[in-house]
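data-v7.txt follows; it contains compact mmCIF, C-alpha atoms.
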# COMPACT_ATOMS: atom_id res chain seq x y z
CA MET A 1 6.77 0.23 -14.20
CA SER A 2 9.73 -0.22 -11.86
CA GLN A 3 12.17 2.18 -10.22
CA ALA A 4 15.40 1.45 -8.37
CA ALA A 5 16.60 3.56 -5.44
CA ASP A 6 19.17 2.93 -2.71
CA GLY A 7 19.32 -0.80 -3.39
CA PHE A 8 15.56 -1.28 -3.50
CA VAL A 9 13.23 -1.81 -6.44
CA PHE A 10 9.78 -0.21 -6.37
CA SER A 11 7.38 -1.77 -8.83
CA ARG A 12 3.74 -2.02 -9.87
CA ASP A 13 4.38 -5.28 -11.73
CA LYS A 14 1.98 -7.80 -10.19
CA SER A 15 4.07 -10.69 -11.51
CA LEU A 16 6.78 -9.70 -9.00
CA LEU A 17 4.47 -9.83 -5.99
CA GLN A 18 5.28 -12.61 -3.53
CA LEU A 19 1.99 -13.81 -2.09
CA ASP A 20 3.62 -15.76 0.74
CA ARG A 21 5.56 -12.66 1.85
CA ILE A 22 2.49 -10.45 1.58
CA CYS A 23 0.56 -12.92 3.75
CA GLU A 24 3.39 -12.86 6.31
CA LEU A 25 3.43 -9.06 6.34
CA MET A 26 -0.35 -8.77 6.61
CA ALA A 27 -0.37 -11.19 9.56
CA GLN A 28 1.77 -8.62 11.44
CA THR A 29 -0.72 -5.77 11.00
CA TYR A 30 -3.41 -4.50 13.36
CA TRP A 31 -5.94 -4.24 10.55
CA ALA A 32 -5.68 -7.65 8.86
CA PRO A 33 -3.94 -10.27 11.03
CA ASP A 34 -6.61 -12.86 10.25
CA ARG A 35 -7.10 -12.10 6.55
CA SER A 36 -6.99 -15.36 4.63
CA ARG A 37 -4.61 -16.14 1.80
CA ALA A 38 -7.59 -16.33 -0.57
CA GLU A 39 -8.82 -12.89 0.53
CA ILE A 40 -5.37 -11.40 0.06
CA GLN A 41 -5.04 -12.99 -3.37
CA THR A 42 -8.44 -11.66 -4.47
CA SER A 43 -7.65 -8.18 -3.12
CA ILE A 44 -4.43 -8.14 -5.16
CA LYS A 45 -6.25 -9.27 -8.29
CA ASN A 46 -8.73 -6.40 -7.96
CA SER A 47 -6.31 -3.60 -7.03
CA LEU A 48 -3.49 -1.50 -8.37
CA CYS A 49 -0.56 -2.93 -6.39
CA PHE A 50 2.85 -1.63 -5.36
CA GLY A 51 5.77 -3.73 -4.16
CA ILE A 52 9.21 -2.97 -2.73
CA TYR A 53 12.01 -5.51 -3.15
CA ASP A 54 15.47 -5.64 -1.57
CA LYS A 55 18.72 -6.29 -3.44
CA ASN A 56 18.06 -10.05 -3.26
CA GLY A 57 14.59 -9.68 -4.77
CA ARG A 58 12.77 -10.37 -1.49
CA GLN A 59 9.58 -8.39 -1.06
CA VAL A 60 9.89 -6.01 1.90
CA GLY A 61 6.96 -3.66 1.26
CA PHE A 62 3.47 -3.70 -0.17
CA ALA A 63 0.50 -1.43 -0.72
CA ARG A 64 -2.51 -1.33 -2.96
CA ALA A 65 -4.98 1.19 -4.30
CA VAL A 66 -8.59 0.24 -4.89
CA THR A 67 -10.05 2.51 -7.55
CA ASP A 68 -12.69 3.13 -10.18
CA TYR A 69 -9.98 4.86 -12.26
CA ALA A 70 -12.21 7.92 -12.62
CA THR A 71 -13.11 9.61 -9.35
CA VAL A 72 -11.62 8.00 -6.25
CA TYR A 73 -9.00 5.61 -4.92
CA TRP A 74 -8.64 3.96 -1.52
CA VAL A 75 -5.10 3.40 -0.23
CA ALA A 76 -4.96 0.06 1.54
CA ASP A 77 -2.57 -2.38 3.18
CA VAL A 78 0.50 -0.15 3.30
CA ILE A 79 3.09 -2.29 5.06
CA ILE A 80 6.88 -2.33 5.37
CA ASP A 81 8.70 -5.33 6.83
CA GLU A 82 9.72 -4.43 10.41
CA ALA A 83 13.39 -5.13 9.63
CA TYR A 84 13.34 -2.45 6.93
CA ARG A 85 11.47 0.32 8.74
CA GLY A 86 13.15 3.64 9.43
CA GLN A 87 14.74 3.84 5.97
CA GLY A 88 12.09 6.01 4.35
CA LEU A 89 10.53 3.14 2.40
CA GLY A 90 7.01 3.92 3.62
CA LYS A 91 7.40 7.52 2.48
CA ARG A 92 8.63 6.44 -0.93
CA LEU A 93 5.77 3.99 -1.23
CA VAL A 94 3.13 6.61 -0.43
CA GLU A 95 4.82 9.04 -2.80
CA LEU A 96 4.73 6.43 -5.56
CA ILE A 97 1.03 5.85 -4.98
CA THR A 98 0.14 9.55 -4.92
CA THR A 99 2.16 10.33 -8.05
CA THR A 100 1.00 7.36 -10.14
CA ASP A 101 -0.42 8.63 -13.43
CA GLU A 102 -3.59 6.50 -13.24
CA LEU A 103 -4.57 8.09 -9.92
CA GLN A 104 -3.96 11.75 -10.79
CA GLY A 105 -6.93 14.09 -10.42
CA MET A 106 -8.83 11.65 -8.19
CA LYS A 107 -9.75 11.91 -4.53
CA GLY A 108 -7.58 9.66 -2.36
CA ILE A 109 -9.00 8.09 0.79
CA LEU A 110 -7.45 5.91 3.47
CA GLY A 111 -7.85 4.80 7.04
CA THR A 112 -5.09 4.69 9.64
CA ARG A 113 -4.80 4.37 13.37
CA ASP A 114 -1.25 5.60 13.79
CA ALA A 115 0.29 7.03 10.60
CA HIS A 116 -1.54 10.34 10.16
CA GLY A 117 1.71 12.30 10.03
CA LEU A 118 3.03 10.18 7.18
CA TYR A 119 -0.04 10.61 5.02
CA GLU A 120 -0.41 14.32 5.80
CA GLN A 121 2.98 14.84 4.13
CA TYR A 122 1.33 13.70 0.88
CA GLY A 123 -1.79 15.85 1.04
CA PHE A 124 -4.16 13.65 3.03
CA ALA A 125 -6.19 15.35 5.77
CA LYS A 126 -8.33 14.05 8.62
CA ASP A 127 -12.06 14.07 7.91
CA ALA A 128 -13.72 12.22 10.77
CA HIS A 129 -17.13 13.82 10.27
CA ARG A 130 -17.97 12.42 6.85
CA PHE A 131 -17.11 8.74 6.91
CA MET A 132 -19.14 5.78 8.03
CA ILE A 133 -18.13 2.12 8.02
CA ARG A 134 -20.02 -1.13 7.72
CA ASN A 135 -18.21 -4.32 8.63
CA GLY A 136 -19.07 -7.33 6.50

Have the structure of the file written as structure tokens, please.
Amino acid sequence: MSQAADGFVFSRDKSLLQLDRICELMAQTYWAPDRSRAEIQTSIKNSLCFGIYDKNGRQVGFARAVTDYATVYWVADVIIDEAYRGQGLGKRLVELITTTDELQGMKGILGTRDAHGLYEQYGFAKDAHRFMIRNG
């Protein structure tokens, strides 16, 4: 499934994903700067993935949803290349995730340090009292 908009292609086709670019993008994040290539590759293999590509086919955005395809999905690794921010690509990416047929009717969960306003636009709400975390 792919969609074109304003010179960008949004796709869930894993064969289009550019692992080297995703590793570069993840290295720029606050949540996964040290994630290994092997970890990123395995996370992609085990997730529903979303990519954004510019007019030259270069990947400029990425996100994934980890799900059981029945009750819940976890939105993870939403990232837009810094050079492409401010164009609404993050919004379109979150909209694509939240409207994907396979995820309809399920509870969506995510964690963010600084993008609460973005996710609230798509129905996510803060719930700090219910979640716990265990680092591996």

Residues at most 6 Å from Met106 (chain A), counting only C-alpha atoms, excluding those fewer than 2 positions away in the same chain, as a list of chain:residue names?
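Selected residues are A:Thr71, A:Val72, A:Leu103, A:Gln104.
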
What lies within 12 Å of Tyr30 (chain A) using only C-alpha atoms, ignoring chain neighbours under 6 positions off, as a list in words?
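Those residues are Asp77, Val78, Ile79, Thr112, Arg113 and Asp114 of chain A.
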
Nearest to Ile44 (chain A) by atom-to-atom distance, counting all atoms listed in the file, from A:Ala76, A:Ala128, A:Ala115, A:Ile109
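The shortest atom-to-atom distance to Ile44 (chain A) comes from A:Ala76.
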
For Leu19 (chain A), which residue out of A:Asn135, A:Gln41, A:Ser36, A:Gln121 is the nearest one, using all atoms listed in the file?
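Closest to Leu19 (chain A) of all the choices is A:Gln41.
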
I'd like the neighbourhood of Glu102 (chain A) as a PyMOL selection string, where a residue qualifies if any of its atoms comes within 10 Å (using only C-alpha atoms), though same-chain residues fewer than 5 positions away should be ignored.
chain A and resi 48+67+69-70+73+97

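When only C-alpha atoms are used to measure the gap to Cys49 (chain A), the shortest distance among A:Glu82, A:Asp13, A:Asp6, A:Asp127 belongs to A:Asp13.
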
Using only C-alpha atoms, pick whichever of A:Lys14, A:Arg35, A:His116, A:Arg21 has the shortest atom-to-atom distance to Ile80 (chain A).
A:Arg21

Of the candidates A:Tyr122, A:Phe8, A:Phe50, A:Phe62, which shows the shortest atom-to-atom distance to Lys91 (chain A), using all atoms listed in the file?
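Closest to Lys91 (chain A), using all atoms listed in the file: A:Tyr122.
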
Between CA of Phe124 (chain A) and CA of Gly108 (chain A), distance in Å (one decimal)
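These atoms are spaced 7.5 Å apart.
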
Would you mind reading off the distance between CA of Val66 (chain A) and CA of Leu89 (chain A), one decimal, in Å?
20.7 Å

Please output region 103-119 of chain A, rebuilt to include N, CA and C atoms, as a short mmCIF file (atom, residue, chain, number, x, y, z; two decimals), in the coordinates of the input.
data_model
loop_
_atom_site.label_atom_id
_atom_site.label_comp_id
_atom_site.auth_asym_id
_atom_site.auth_seq_id
_atom_site.Cartn_x
_atom_site.Cartn_y
_atom_site.Cartn_z
N LEU A 103 -3.82 7.59 -11.08
CA LEU A 103 -4.57 8.09 -9.92
C LEU A 103 -4.63 9.62 -9.86
N GLN A 104 -4.00 10.29 -10.82
CA GLN A 104 -3.96 11.75 -10.79
C GLN A 104 -5.35 12.34 -11.03
N GLY A 105 -5.65 13.39 -10.29
CA GLY A 105 -6.93 14.09 -10.42
C GLY A 105 -8.07 13.45 -9.65
N MET A 106 -7.79 12.35 -8.96
CA MET A 106 -8.83 11.65 -8.19
C MET A 106 -8.69 11.95 -6.71
N LYS A 107 -9.78 11.77 -5.98
CA LYS A 107 -9.75 11.91 -4.53
C LYS A 107 -9.17 10.63 -3.93
N GLY A 108 -8.18 10.79 -3.06
CA GLY A 108 -7.58 9.66 -2.36
C GLY A 108 -8.14 9.57 -0.95
N ILE A 109 -8.43 8.35 -0.53
CA ILE A 109 -9.00 8.09 0.79
C ILE A 109 -8.20 6.97 1.44
N LEU A 110 -8.09 7.01 2.74
CA LEU A 110 -7.45 5.91 3.47
C LEU A 110 -7.89 5.95 4.92
N GLY A 111 -7.61 4.88 5.60
CA GLY A 111 -7.85 4.80 7.04
C GLY A 111 -6.56 4.41 7.74
N THR A 112 -6.28 5.04 8.86
CA THR A 112 -5.09 4.69 9.64
C THR A 112 -5.34 4.96 11.11
N ARG A 113 -4.71 4.17 11.93
CA ARG A 113 -4.80 4.37 13.37
C ARG A 113 -3.61 5.17 13.88
N ASP A 114 -2.47 5.05 13.20
CA ASP A 114 -1.25 5.60 13.79
C ASP A 114 -0.28 6.27 12.82
N ALA A 115 -0.66 6.47 11.57
CA ALA A 115 0.29 7.03 10.60
C ALA A 115 -0.22 8.32 9.97
N HIS A 116 -0.99 9.09 10.71
CA HIS A 116 -1.54 10.34 10.16
C HIS A 116 -0.45 11.28 9.66
N GLY A 117 0.62 11.40 10.41
CA GLY A 117 1.71 12.30 10.03
C GLY A 117 2.33 11.92 8.69
N LEU A 118 2.49 10.63 8.46
CA LEU A 118 3.03 10.18 7.18
C LEU A 118 2.15 10.62 6.03
N TYR A 119 0.86 10.33 6.13
CA TYR A 119 -0.04 10.61 5.02
C TYR A 119 -0.29 12.11 4.84
#
